[in-house]
Structure formats: C-alpha cells, structure tokens
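Trainee: So I've got this file, coords10.txt, and it contains compact mmCIF, N, CA and C atoms and all ligand atoms:
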# COMPACT_ATOMS: atom_id res chain seq x y z
N MET A 1 0.82 -1.21 0.00
CA MET A 1 0.00 0.00 0.00
C MET A 1 0.85 1.26 0.00
N ILE A 2 1.84 1.37 0.93
CA ILE A 2 2.64 2.59 0.91
C ILE A 2 3.59 2.55 -0.28
N GLY A 3 3.86 3.76 -0.77
CA GLY A 3 4.75 3.89 -1.93
C GLY A 3 6.05 4.55 -1.53
N ARG A 4 6.41 5.60 -2.25
CA ARG A 4 7.71 6.22 -2.05
C ARG A 4 7.80 6.92 -0.70
N LEU A 5 9.02 7.04 -0.21
CA LEU A 5 9.30 7.89 0.96
C LEU A 5 9.22 9.33 0.46
N ASN A 6 8.24 10.09 0.93
CA ASN A 6 8.10 11.47 0.47
C ASN A 6 9.08 12.38 1.19
N HIS A 7 9.16 12.26 2.51
CA HIS A 7 10.15 13.07 3.24
C HIS A 7 10.38 12.50 4.63
N VAL A 8 11.50 12.92 5.20
CA VAL A 8 11.81 12.71 6.61
C VAL A 8 11.78 14.09 7.24
N ALA A 9 11.03 14.23 8.35
CA ALA A 9 10.90 15.53 8.99
C ALA A 9 11.75 15.56 10.25
N ILE A 10 12.51 16.63 10.40
CA ILE A 10 13.40 16.80 11.55
C ILE A 10 13.01 18.09 12.26
N ALA A 11 12.67 17.96 13.53
CA ALA A 11 12.36 19.15 14.33
C ALA A 11 13.67 19.78 14.77
N VAL A 12 13.78 21.10 14.61
CA VAL A 12 15.03 21.79 14.92
C VAL A 12 14.77 22.98 15.84
N PRO A 13 15.65 23.18 16.83
CA PRO A 13 15.46 24.30 17.75
C PRO A 13 15.90 25.63 17.12
N ASP A 14 16.80 25.60 16.17
CA ASP A 14 17.33 26.82 15.54
C ASP A 14 17.26 26.62 14.03
N LEU A 15 16.23 27.22 13.42
CA LEU A 15 16.00 26.97 11.99
C LEU A 15 17.13 27.53 11.14
N ASP A 16 17.60 28.73 11.46
CA ASP A 16 18.67 29.33 10.65
C ASP A 16 19.94 28.48 10.69
N ALA A 17 20.24 27.96 11.88
CA ALA A 17 21.45 27.14 12.01
C ALA A 17 21.29 25.84 11.22
N ALA A 18 20.09 25.26 11.27
CA ALA A 18 19.87 24.00 10.54
C ALA A 18 19.92 24.23 9.04
N VAL A 19 19.34 25.33 8.59
CA VAL A 19 19.37 25.66 7.15
C VAL A 19 20.81 25.85 6.70
N ALA A 20 21.57 26.60 7.48
CA ALA A 20 22.97 26.85 7.11
C ALA A 20 23.76 25.55 7.06
N GLN A 21 23.47 24.64 8.01
CA GLN A 21 24.20 23.38 8.03
C GLN A 21 23.88 22.53 6.80
N TYR A 22 22.59 22.42 6.46
CA TYR A 22 22.24 21.62 5.28
C TYR A 22 22.77 22.27 3.99
N ARG A 23 22.68 23.62 3.91
CA ARG A 23 23.09 24.30 2.68
C ARG A 23 24.62 24.34 2.56
N ASP A 24 25.29 24.75 3.62
CA ASP A 24 26.72 25.04 3.51
C ASP A 24 27.59 23.85 3.86
N THR A 25 27.22 23.11 4.91
CA THR A 25 28.07 21.99 5.33
C THR A 25 27.77 20.75 4.48
N LEU A 26 26.46 20.48 4.29
CA LEU A 26 26.10 19.27 3.55
C LEU A 26 25.90 19.54 2.06
N GLY A 27 25.87 20.81 1.66
CA GLY A 27 25.78 21.12 0.24
C GLY A 27 24.47 20.74 -0.40
N ALA A 28 23.37 20.87 0.33
CA ALA A 28 22.07 20.45 -0.19
C ALA A 28 21.31 21.64 -0.78
N GLN A 29 20.33 21.32 -1.62
CA GLN A 29 19.42 22.32 -2.19
C GLN A 29 18.34 22.63 -1.17
N VAL A 30 18.39 23.81 -0.58
CA VAL A 30 17.48 24.20 0.49
C VAL A 30 16.50 25.24 -0.06
N ARG A 31 15.22 25.00 0.15
CA ARG A 31 14.20 25.97 -0.30
C ARG A 31 13.96 27.04 0.76
N ALA A 32 13.18 28.06 0.41
CA ALA A 32 12.88 29.15 1.34
C ALA A 32 11.95 28.66 2.44
N PRO A 33 12.05 29.24 3.65
CA PRO A 33 11.14 28.86 4.74
C PRO A 33 9.69 29.19 4.37
N GLN A 34 8.80 28.35 4.88
CA GLN A 34 7.37 28.46 4.57
C GLN A 34 6.63 28.38 5.90
N ASP A 35 5.87 29.43 6.24
CA ASP A 35 5.07 29.40 7.47
C ASP A 35 3.79 28.64 7.22
N GLU A 36 3.45 27.72 8.12
CA GLU A 36 2.22 26.93 8.02
C GLU A 36 1.41 27.16 9.30
N PRO A 37 0.71 28.34 9.38
CA PRO A 37 0.02 28.66 10.64
C PRO A 37 -1.02 27.61 11.02
N ALA A 38 -1.66 26.98 10.06
CA ALA A 38 -2.67 25.97 10.39
C ALA A 38 -2.05 24.76 11.08
N HIS A 39 -0.75 24.54 10.88
CA HIS A 39 -0.06 23.39 11.47
C HIS A 39 0.88 23.79 12.60
N GLY A 40 1.00 25.10 12.85
CA GLY A 40 1.85 25.58 13.94
C GLY A 40 3.33 25.35 13.71
N VAL A 41 3.75 25.38 12.45
CA VAL A 41 5.17 25.14 12.15
C VAL A 41 5.63 26.04 11.01
N THR A 42 6.92 26.31 11.03
CA THR A 42 7.60 26.84 9.84
C THR A 42 8.39 25.67 9.26
N VAL A 43 8.29 25.46 7.96
CA VAL A 43 8.97 24.33 7.34
C VAL A 43 9.98 24.83 6.31
N VAL A 44 11.05 24.09 6.19
CA VAL A 44 12.03 24.31 5.13
C VAL A 44 12.24 22.98 4.45
N PHE A 45 11.99 22.93 3.17
CA PHE A 45 12.21 21.68 2.43
C PHE A 45 13.59 21.66 1.82
N ILE A 46 14.20 20.51 1.91
CA ILE A 46 15.51 20.27 1.34
C ILE A 46 15.34 19.18 0.30
N ASP A 47 15.68 19.50 -0.93
CA ASP A 47 15.48 18.55 -2.03
C ASP A 47 16.71 17.67 -2.18
N LEU A 48 16.50 16.38 -2.05
CA LEU A 48 17.55 15.41 -2.33
C LEU A 48 17.18 14.68 -3.62
N PRO A 49 18.11 14.00 -4.24
CA PRO A 49 17.78 13.34 -5.52
C PRO A 49 16.64 12.33 -5.39
N ASN A 50 16.52 11.67 -4.26
CA ASN A 50 15.51 10.61 -4.16
C ASN A 50 14.39 10.89 -3.16
N THR A 51 14.50 11.95 -2.37
CA THR A 51 13.44 12.26 -1.41
C THR A 51 13.67 13.69 -0.91
N LYS A 52 12.97 14.04 0.15
CA LYS A 52 13.15 15.39 0.73
C LYS A 52 13.39 15.25 2.23
N VAL A 53 14.00 16.26 2.78
CA VAL A 53 14.05 16.44 4.24
C VAL A 53 13.22 17.68 4.53
N GLU A 54 12.44 17.62 5.61
CA GLU A 54 11.58 18.73 6.00
C GLU A 54 12.05 19.19 7.37
N LEU A 55 12.64 20.38 7.44
CA LEU A 55 13.01 20.92 8.74
C LEU A 55 11.78 21.60 9.33
N LEU A 56 11.48 21.30 10.59
CA LEU A 56 10.29 21.83 11.27
C LEU A 56 10.73 22.68 12.45
N HIS A 57 10.10 23.85 12.55
CA HIS A 57 10.38 24.75 13.66
C HIS A 57 9.05 25.27 14.17
N PRO A 58 8.88 25.39 15.50
CA PRO A 58 7.58 25.84 16.04
C PRO A 58 7.20 27.22 15.52
N LEU A 59 5.91 27.40 15.25
CA LEU A 59 5.36 28.70 14.85
C LEU A 59 4.17 29.00 15.74
N GLY A 60 4.25 30.11 16.48
CA GLY A 60 3.13 30.54 17.31
C GLY A 60 3.01 29.74 18.60
N GLU A 61 1.95 30.05 19.34
CA GLU A 61 1.69 29.39 20.62
C GLU A 61 1.12 27.99 20.39
N GLY A 62 1.48 27.07 21.26
CA GLY A 62 0.87 25.73 21.21
C GLY A 62 1.23 24.94 19.97
N SER A 63 2.42 25.16 19.44
CA SER A 63 2.85 24.38 18.27
C SER A 63 2.89 22.89 18.62
N PRO A 64 2.44 22.03 17.71
CA PRO A 64 2.46 20.59 18.01
C PRO A 64 3.87 20.02 18.16
N ILE A 65 4.89 20.76 17.74
CA ILE A 65 6.25 20.22 17.92
C ILE A 65 6.98 20.85 19.12
N ALA A 66 6.30 21.75 19.85
CA ALA A 66 6.96 22.37 21.00
C ALA A 66 7.32 21.32 22.05
N GLY A 67 6.38 20.41 22.33
CA GLY A 67 6.64 19.38 23.33
C GLY A 67 7.77 18.45 22.91
N PHE A 68 7.81 18.14 21.61
CA PHE A 68 8.88 17.28 21.09
C PHE A 68 10.24 17.93 21.33
N LEU A 69 10.33 19.24 21.07
CA LEU A 69 11.62 19.93 21.26
C LEU A 69 11.98 20.09 22.73
N GLU A 70 10.94 20.13 23.60
CA GLU A 70 11.24 20.15 25.03
C GLU A 70 11.91 18.84 25.45
N LYS A 71 11.40 17.74 24.89
CA LYS A 71 11.98 16.42 25.23
C LYS A 71 13.27 16.16 24.48
N ASN A 72 13.43 16.82 23.34
CA ASN A 72 14.61 16.62 22.49
C ASN A 72 15.21 17.99 22.16
N PRO A 73 15.87 18.62 23.14
CA PRO A 73 16.29 20.01 22.95
C PRO A 73 17.26 20.21 21.79
N ALA A 74 17.99 19.19 21.41
CA ALA A 74 18.91 19.34 20.28
C ALA A 74 18.20 19.12 18.94
N GLY A 75 16.92 18.77 18.99
CA GLY A 75 16.19 18.42 17.77
C GLY A 75 16.22 16.92 17.55
N GLY A 76 15.54 16.47 16.51
CA GLY A 76 15.54 15.04 16.22
C GLY A 76 14.53 14.71 15.15
N ILE A 77 14.57 13.45 14.70
CA ILE A 77 13.63 13.01 13.67
C ILE A 77 12.23 12.99 14.27
N HIS A 78 11.31 13.70 13.65
CA HIS A 78 9.96 13.87 14.17
C HIS A 78 8.98 12.92 13.50
N HIS A 79 9.03 12.78 12.20
CA HIS A 79 8.16 11.83 11.50
C HIS A 79 8.74 11.48 10.15
N ILE A 80 8.17 10.40 9.58
CA ILE A 80 8.50 10.05 8.20
C ILE A 80 7.20 10.01 7.42
N CYS A 81 7.30 10.36 6.15
CA CYS A 81 6.09 10.48 5.33
C CYS A 81 6.17 9.55 4.13
N TYR A 82 5.16 8.67 4.05
CA TYR A 82 5.06 7.75 2.92
C TYR A 82 3.93 8.20 2.00
N GLU A 83 4.10 7.97 0.74
CA GLU A 83 3.05 8.30 -0.23
C GLU A 83 2.08 7.14 -0.37
N VAL A 84 0.81 7.52 -0.52
CA VAL A 84 -0.23 6.52 -0.84
C VAL A 84 -1.04 7.07 -2.02
N ASP A 85 -1.64 6.16 -2.77
CA ASP A 85 -2.44 6.58 -3.93
C ASP A 85 -3.79 7.15 -3.51
N ASP A 86 -4.38 6.56 -2.47
CA ASP A 86 -5.75 6.93 -2.07
C ASP A 86 -5.77 7.02 -0.55
N ILE A 87 -5.80 8.24 -0.02
CA ILE A 87 -5.61 8.40 1.44
C ILE A 87 -6.82 7.87 2.22
N LEU A 88 -8.00 8.00 1.68
CA LEU A 88 -9.18 7.50 2.41
C LEU A 88 -9.19 5.98 2.44
N ALA A 89 -8.83 5.36 1.34
CA ALA A 89 -8.74 3.89 1.31
C ALA A 89 -7.65 3.42 2.28
N ALA A 90 -6.53 4.15 2.31
CA ALA A 90 -5.44 3.78 3.22
C ALA A 90 -5.90 3.91 4.67
N ARG A 91 -6.57 5.02 4.98
CA ARG A 91 -7.06 5.24 6.35
C ARG A 91 -8.02 4.12 6.76
N ASP A 92 -8.97 3.79 5.89
CA ASP A 92 -9.96 2.79 6.25
C ASP A 92 -9.31 1.42 6.47
N ARG A 93 -8.34 1.10 5.63
CA ARG A 93 -7.64 -0.17 5.78
C ARG A 93 -6.87 -0.21 7.10
N LEU A 94 -6.20 0.90 7.44
CA LEU A 94 -5.41 0.92 8.67
C LEU A 94 -6.31 0.87 9.90
N LYS A 95 -7.41 1.61 9.86
CA LYS A 95 -8.33 1.59 11.00
C LYS A 95 -8.92 0.20 11.19
N ALA A 96 -9.24 -0.46 10.09
CA ALA A 96 -9.80 -1.81 10.17
C ALA A 96 -8.80 -2.77 10.82
N GLN A 97 -7.49 -2.43 10.71
CA GLN A 97 -6.46 -3.28 11.30
C GLN A 97 -6.04 -2.79 12.67
N GLY A 98 -6.77 -1.81 13.20
CA GLY A 98 -6.53 -1.41 14.58
C GLY A 98 -5.57 -0.27 14.76
N ALA A 99 -5.06 0.31 13.69
CA ALA A 99 -4.13 1.44 13.83
C ALA A 99 -4.92 2.70 14.16
N ARG A 100 -4.30 3.55 14.98
CA ARG A 100 -4.95 4.80 15.38
C ARG A 100 -4.51 5.95 14.47
N VAL A 101 -5.51 6.64 13.94
CA VAL A 101 -5.27 7.83 13.13
C VAL A 101 -5.40 9.03 14.06
N LEU A 102 -4.45 9.94 14.02
CA LEU A 102 -4.49 11.09 14.94
C LEU A 102 -5.54 12.11 14.51
N GLY A 103 -5.96 12.93 15.48
CA GLY A 103 -6.94 13.97 15.20
C GLY A 103 -8.31 13.39 14.97
N ASP A 104 -9.09 14.06 14.13
CA ASP A 104 -10.46 13.59 13.90
C ASP A 104 -10.53 12.53 12.82
N GLY A 105 -9.38 12.10 12.31
CA GLY A 105 -9.37 11.02 11.32
C GLY A 105 -9.63 11.48 9.90
N GLU A 106 -9.87 12.79 9.75
CA GLU A 106 -10.09 13.31 8.39
C GLU A 106 -8.78 13.90 7.87
N PRO A 107 -8.46 13.66 6.60
CA PRO A 107 -7.22 14.21 6.04
C PRO A 107 -7.21 15.74 6.11
N LYS A 108 -6.01 16.29 6.37
CA LYS A 108 -5.82 17.74 6.34
C LYS A 108 -4.89 18.04 5.16
N ILE A 109 -4.91 19.30 4.74
CA ILE A 109 -4.02 19.68 3.65
C ILE A 109 -2.64 19.98 4.24
N GLY A 110 -1.65 19.25 3.78
CA GLY A 110 -0.30 19.36 4.33
C GLY A 110 0.52 20.43 3.65
N ALA A 111 1.80 20.46 3.97
CA ALA A 111 2.70 21.52 3.49
C ALA A 111 2.88 21.50 1.97
N HIS A 112 2.56 20.39 1.33
CA HIS A 112 2.68 20.34 -0.14
C HIS A 112 1.35 20.60 -0.83
N GLY A 113 0.33 21.00 -0.05
CA GLY A 113 -0.98 21.23 -0.66
C GLY A 113 -1.71 19.95 -0.97
N LYS A 114 -1.32 18.85 -0.37
CA LYS A 114 -1.96 17.55 -0.62
C LYS A 114 -2.51 16.98 0.68
N PRO A 115 -3.51 16.11 0.60
CA PRO A 115 -4.10 15.58 1.83
C PRO A 115 -3.14 14.66 2.59
N VAL A 116 -3.11 14.87 3.91
CA VAL A 116 -2.23 14.06 4.77
C VAL A 116 -2.99 13.58 6.00
N LEU A 117 -2.48 12.51 6.58
CA LEU A 117 -2.95 11.95 7.85
C LEU A 117 -1.73 11.52 8.64
N PHE A 118 -1.89 11.51 9.98
CA PHE A 118 -0.81 11.01 10.83
C PHE A 118 -1.28 9.79 11.61
N LEU A 119 -0.40 8.83 11.78
CA LEU A 119 -0.70 7.58 12.48
C LEU A 119 0.06 7.54 13.80
N HIS A 120 -0.59 6.97 14.81
CA HIS A 120 -0.02 6.99 16.16
C HIS A 120 1.32 6.26 16.22
N PRO A 121 2.35 6.94 16.78
CA PRO A 121 3.67 6.30 16.83
C PRO A 121 3.69 4.98 17.60
N LYS A 122 2.81 4.85 18.60
CA LYS A 122 2.84 3.60 19.38
C LYS A 122 2.39 2.41 18.54
N ASP A 123 1.67 2.67 17.45
CA ASP A 123 1.23 1.58 16.58
C ASP A 123 2.26 1.25 15.49
N PHE A 124 3.30 2.09 15.36
CA PHE A 124 4.27 1.91 14.26
C PHE A 124 5.70 2.00 14.77
N THR A 125 6.02 1.08 15.66
CA THR A 125 7.37 0.94 16.19
C THR A 125 8.00 2.27 16.60
N GLY A 126 7.17 3.07 17.31
CA GLY A 126 7.72 4.29 17.90
C GLY A 126 7.97 5.41 16.90
N THR A 127 7.40 5.29 15.72
CA THR A 127 7.64 6.30 14.69
C THR A 127 6.33 6.96 14.29
N LEU A 128 6.28 8.27 14.39
CA LEU A 128 5.13 9.01 13.88
C LEU A 128 5.17 8.92 12.35
N VAL A 129 4.09 8.40 11.78
CA VAL A 129 4.01 8.18 10.33
C VAL A 129 2.99 9.13 9.73
N GLU A 130 3.41 9.85 8.71
CA GLU A 130 2.52 10.70 7.93
C GLU A 130 2.25 10.00 6.61
N LEU A 131 1.00 9.97 6.21
CA LEU A 131 0.65 9.48 4.88
C LEU A 131 0.24 10.67 4.02
N GLU A 132 0.73 10.73 2.82
CA GLU A 132 0.36 11.81 1.90
C GLU A 132 -0.14 11.21 0.61
N GLN A 133 -1.30 11.70 0.18
CA GLN A 133 -1.81 11.25 -1.10
C GLN A 133 -0.99 11.92 -2.19
N ALA A 134 -0.25 11.13 -2.92
CA ALA A 134 0.70 11.70 -3.90
C ALA A 134 -0.01 12.08 -5.20
CO CO B 201 5.65 15.93 7.03
Could you express the structure from this file as structure tokens?
Mentor:
Amino acid sequence: MIGRLNHVAIAVPDLDAAVAQYRDTLGAQVRAPQDEPAHGVTVVFIDLPNTKVELLHPLGEGSPIAGFLEKNPAGGIHHICYEVDDILAARDRLKAQGARVLGDGEPKIGAHGKPVLFLHPKDFTGTLVELEQA
C-alpha cells in the first residue's frame, strides 16, 4: 500500500542554524522557509535526488512540535512520510487493522498542498508516520 518515501521531517530548535548546516556543510538544495500557521510550524524543504528532508520549527503558541523539542532540545527526527495513492482507502484499511489515526481522522491539507494523515507512533514501532496522497 505505501509507496515512495516522500520526506523525513526533523524538528530543529534553531531553523537558521539547521538551514545553514544543510546548505553550507552538507551542500544540499534548500528551499525558502514556509510558514504553516494551520499546522503551527515553519517548514524548510531540502530537495535530495531521491526524497526530501523537511526541517520543522515551532510557529506561534501551542505548536504541536513544541513538546517534542522540550523532550529533544537538540532536535531530532519527528516523523517520516510515505506516499499513498488513495488516502481515504489507506485510512480505512489501517483503522480496520486497529491502527490509530491522529486527530479527527479526516485528512488535512499538508505543506505540499496535498491531503495528509498522521498515524499513532505507538502503533508503528515508535515512529510518527505521515501518509500523503501523492
Ligand atoms: Co511531514
């Protein structure tokens, strides 16, 4: 059911420092920061030949990644995103198998303008999984 790895998301305490590290130290193609007020994050996409890295930084009060950064002050891998062809079919199949979908279970529009869902990390070997309809 899952297809390509769309991105790996890394929560970072200092967005400018992380951008500079990926651009200057690692020599990666780094895009401009993008504020996502509906998701409480500022994101920076880094284009790699086979996938993307998404740097996440809290935006505004009550950001969903604020707690993660409190527990992981140096930053860390926050989630991985797999592509699916049909997000509603994927959700229904996962729910039927007992996996927990976060939030109200309805897809939201993610940072790429496409529908996304998140799956509970306790159901997926400790990893927060994002599904994106590609
Ligand atoms: Co993501």
Trainee: Determine, for each residue of chain A having at least one atom at most 10 Å from an atom of ligand CO 201 (chain B), the closest pair of atoms and their separation in Å to one decimal, counting only C-alpha atoms and all ligand atoms; order by chain and ascending number, as CSV.
Mentor:
residue,atom,partner,partner_atom,distance
A:Asn6,CA,B:CO201,CO,8.3
A:His7,CA,B:CO201,CO,6.5
A:Val8,CA,B:CO201,CO,7.0
A:Ala9,CA,B:CO201,CO,5.6
A:Ile10,CA,B:CO201,CO,9.0
A:Val43,CA,B:CO201,CO,9.0
A:Phe45,CA,B:CO201,CO,9.9
A:Lys52,CA,B:CO201,CO,9.8
A:Val53,CA,B:CO201,CO,8.9
A:Glu54,CA,B:CO201,CO,6.6
A:Leu55,CA,B:CO201,CO,9.1
A:Leu56,CA,B:CO201,CO,8.6
A:His78,CA,B:CO201,CO,8.6
A:His79,CA,B:CO201,CO,6.6
A:Ile80,CA,B:CO201,CO,6.6
A:Cys81,CA,B:CO201,CO,5.7
A:Tyr82,CA,B:CO201,CO,9.2
A:Gly110,CA,B:CO201,CO,7.4
A:Ala111,CA,B:CO201,CO,7.2
A:His112,CA,B:CO201,CO,8.9
A:Val116,CA,B:CO201,CO,8.4
A:Leu117,CA,B:CO201,CO,9.5
A:Phe118,CA,B:CO201,CO,9.0
A:Leu128,CA,B:CO201,CO,9.8
A:Val129,CA,B:CO201,CO,8.6
A:Glu130,CA,B:CO201,CO,6.2
A:Leu131,CA,B:CO201,CO,8.4
A:Glu132,CA,B:CO201,CO,8.4
Trainee: Please indicate the distance in Å from atom C of A:His57 to atom N of A:Ile87, rounded to one decimal place.
Mentor: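 Atom-to-atom, atom C of A:His57 and atom N of A:Ile87 are spaced 26.7 Å apart.
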Trainee: Can you tell me, as a VMD selection string, which residues in stretch 8-131 of chain A count as strand (DSSP E or B) by DSSP?
Mentor: chain A and resid 8 to 11 29 to 30 34 to 36 41 to 47 52 to 58 76 to 84 101 108 to 109 115 to 119 129 to 131
Trainee: Skip A:Ala11 itself and residues of its chain fewer than 6 positions away, then list as JSON, numbers by chain all residues within 12 Å of it, counting only C-alpha atoms.
Mentor: {"A": [18, 19, 41, 42, 43, 44, 53, 54, 55, 56, 57, 58, 59, 63, 64, 65, 66, 67, 68, 69, 70, 71, 72, 73, 74, 75, 76, 77, 78, 79, 80]}
Trainee: With only N, CA and C atoms as the counted atoms, please give the residues lying no more than 8 Å from A:Asp123, apart from itself and same-chain residues fewer than 6 positions off, as a PyMOL selection string.
Mentor: chain A and resi 98-100
Trainee: What is the atom CA of A:Val101 to atom N of A:His120 distance in Å?
Mentor: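 We find that atom CA of A:Val101 and atom N of A:His120 lie 5.0 Å from each other.
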Trainee: A:Asp86: which residues within 10 Å, counting only C-alpha atoms, same-chain residues fewer than 2 positions away excluded, as a PyMOL selection string?
Mentor: chain A and resi 1-2+83-84+88-91+115+131-134
Trainee: Please save N, CA and C atoms of the selected residues as a PDB file, in the frame of the given file.
Mentor:
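Result written to again_15.pdb:
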ATOM      1  N   MET A   1       0.820  -1.210   0.000  1.00  0.00           N
ATOM      2  CA  MET A   1       0.000   0.000   0.000  1.00  0.00           C
ATOM      3  C   MET A   1       0.850   1.260   0.000  1.00  0.00           C
ATOM      4  N   ILE A   2       1.840   1.370   0.930  1.00  0.00           N
ATOM      5  CA  ILE A   2       2.640   2.590   0.910  1.00  0.00           C
ATOM      6  C   ILE A   2       3.590   2.550  -0.280  1.00  0.00           C
ATOM      7  N   GLU A  83       4.100   7.970   0.740  1.00  0.00           N
ATOM      8  CA  GLU A  83       3.050   8.300  -0.230  1.00  0.00           C
ATOM      9  C   GLU A  83       2.080   7.140  -0.370  1.00  0.00           C
ATOM     10  N   VAL A  84       0.810   7.520  -0.520  1.00  0.00           N
ATOM     11  CA  VAL A  84      -0.230   6.520  -0.840  1.00  0.00           C
ATOM     12  C   VAL A  84      -1.040   7.070  -2.020  1.00  0.00           C
ATOM     13  N   LEU A  88      -8.000   8.000   1.680  1.00  0.00           N
ATOM     14  CA  LEU A  88      -9.180   7.500   2.410  1.00  0.00           C
ATOM     15  C   LEU A  88      -9.190   5.980   2.440  1.00  0.00           C
ATOM     16  N   ALA A  89      -8.830   5.360   1.340  1.00  0.00           N
ATOM     17  CA  ALA A  89      -8.740   3.890   1.310  1.00  0.00           C
ATOM     18  C   ALA A  89      -7.650   3.420   2.280  1.00  0.00           C
ATOM     19  N   ALA A  90      -6.530   4.150   2.310  1.00  0.00           N
ATOM     20  CA  ALA A  90      -5.440   3.780   3.220  1.00  0.00           C
ATOM     21  C   ALA A  90      -5.900   3.910   4.670  1.00  0.00           C
ATOM     22  N   ARG A  91      -6.570   5.020   4.980  1.00  0.00           N
ATOM     23  CA  ARG A  91      -7.060   5.240   6.350  1.00  0.00           C
ATOM     24  C   ARG A  91      -8.020   4.120   6.760  1.00  0.00           C
ATOM     25  N   PRO A 115      -3.510  16.110   0.600  1.00  0.00           N
ATOM     26  CA  PRO A 115      -4.100  15.580   1.830  1.00  0.00           C
ATOM     27  C   PRO A 115      -3.140  14.660   2.590  1.00  0.00           C
ATOM     28  N   LEU A 131       1.000   9.970   6.210  1.00  0.00           N
ATOM     29  CA  LEU A 131       0.650   9.480   4.880  1.00  0.00           C
ATOM     30  C   LEU A 131       0.240  10.670   4.020  1.00  0.00           C
ATOM     31  N   GLU A 132       0.730  10.730   2.820  1.00  0.00           N
ATOM     32  CA  GLU A 132       0.360  11.810   1.900  1.00  0.00           C
ATOM     33  C   GLU A 132      -0.140  11.210   0.610  1.00  0.00           C
ATOM     34  N   GLN A 133      -1.300  11.700   0.180  1.00  0.00           N
ATOM     35  CA  GLN A 133      -1.810  11.250  -1.100  1.00  0.00           C
ATOM     36  C   GLN A 133      -0.990  11.920  -2.190  1.00  0.00           C
ATOM     37  N   ALA A 134      -0.250  11.130  -2.920  1.00  0.00           N
ATOM     38  CA  ALA A 134       0.700  11.700  -3.900  1.00  0.00           C
ATOM     39  C   ALA A 134      -0.010  12.080  -5.200  1.00  0.00           C
TER      40      ALA A 134
END
Trainee: For atom CA of A:Gly3 and atom CA of A:Ile46, determine how far apart the two atoms are, in Å to one decimal place.
Mentor: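 These two atoms are separated by 19.9 Å.
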Trainee: Working from the structure I just supplied, which lacks atoms in stretch 72-84 of chain A, can you model N, CA, C and O atoms there and output them as a JSON list (two decimals), in the frame of the given file?
Mentor:
[["chain", "number", "residue", "atom", "x", "y", "z"],
["A", 72, "ASN", "N", 13.43, 16.82, 23.34],
["A", 72, "ASN", "CA", 14.61, 16.62, 22.49],
["A", 72, "ASN", "C", 15.21, 17.99, 22.16],
["A", 72, "ASN", "O", 15.06, 18.48, 21.04],
["A", 73, "PRO", "N", 15.87, 18.62, 23.14],
["A", 73, "PRO", "CA", 16.29, 20.01, 22.95],
["A", 73, "PRO", "C", 17.26, 20.21, 21.79],
["A", 73, "PRO", "O", 17.34, 21.32, 21.24],
["A", 74, "ALA", "N", 17.99, 19.19, 21.41],
["A", 74, "ALA", "CA", 18.91, 19.34, 20.28],
["A", 74, "ALA", "C", 18.20, 19.12, 18.94],
["A", 74, "ALA", "O", 18.81, 19.25, 17.88],
["A", 75, "GLY", "N", 16.92, 18.77, 18.99],
["A", 75, "GLY", "CA", 16.19, 18.42, 17.77],
["A", 75, "GLY", "C", 16.22, 16.92, 17.55],
["A", 75, "GLY", "O", 16.81, 16.17, 18.34],
["A", 76, "GLY", "N", 15.54, 16.47, 16.51],
["A", 76, "GLY", "CA", 15.54, 15.04, 16.22],
["A", 76, "GLY", "C", 14.53, 14.71, 15.15],
["A", 76, "GLY", "O", 13.73, 15.55, 14.73],
["A", 77, "ILE", "N", 14.57, 13.45, 14.70],
["A", 77, "ILE", "CA", 13.63, 13.01, 13.67],
["A", 77, "ILE", "C", 12.23, 12.99, 14.27],
["A", 77, "ILE", "O", 12.00, 12.37, 15.32],
["A", 78, "HIS", "N", 11.31, 13.70, 13.65],
["A", 78, "HIS", "CA", 9.96, 13.87, 14.17],
["A", 78, "HIS", "C", 8.98, 12.92, 13.50],
["A", 78, "HIS", "O", 8.14, 12.33, 14.16],
["A", 79, "HIS", "N", 9.03, 12.78, 12.20],
["A", 79, "HIS", "CA", 8.16, 11.83, 11.50],
["A", 79, "HIS", "C", 8.74, 11.48, 10.15],
["A", 79, "HIS", "O", 9.64, 12.15, 9.65],
["A", 80, "ILE", "N", 8.17, 10.40, 9.58],
["A", 80, "ILE", "CA", 8.50, 10.05, 8.20],
["A", 80, "ILE", "C", 7.20, 10.01, 7.42],
["A", 80, "ILE", "O", 6.14, 9.72, 7.96],
["A", 81, "CYS", "N", 7.30, 10.36, 6.15],
["A", 81, "CYS", "CA", 6.09, 10.48, 5.33],
["A", 81, "CYS", "C", 6.17, 9.55, 4.13],
["A", 81, "CYS", "O", 7.10, 9.65, 3.32],
["A", 82, "TYR", "N", 5.16, 8.67, 4.05],
["A", 82, "TYR", "CA", 5.06, 7.75, 2.92],
["A", 82, "TYR", "C", 3.93, 8.20, 2.00],
["A", 82, "TYR", "O", 2.90, 8.71, 2.46],
["A", 83, "GLU", "N", 4.10, 7.97, 0.74],
["A", 83, "GLU", "CA", 3.05, 8.30, -0.23],
["A", 83, "GLU", "C", 2.08, 7.14, -0.37],
["A", 83, "GLU", "O", 2.46, 5.98, -0.32],
["A", 84, "VAL", "N", 0.81, 7.52, -0.52],
["A", 84, "VAL", "CA", -0.23, 6.52, -0.84],
["A", 84, "VAL", "C", -1.04, 7.07, -2.02],
["A", 84, "VAL", "O", -1.11, 8.27, -2.25]]
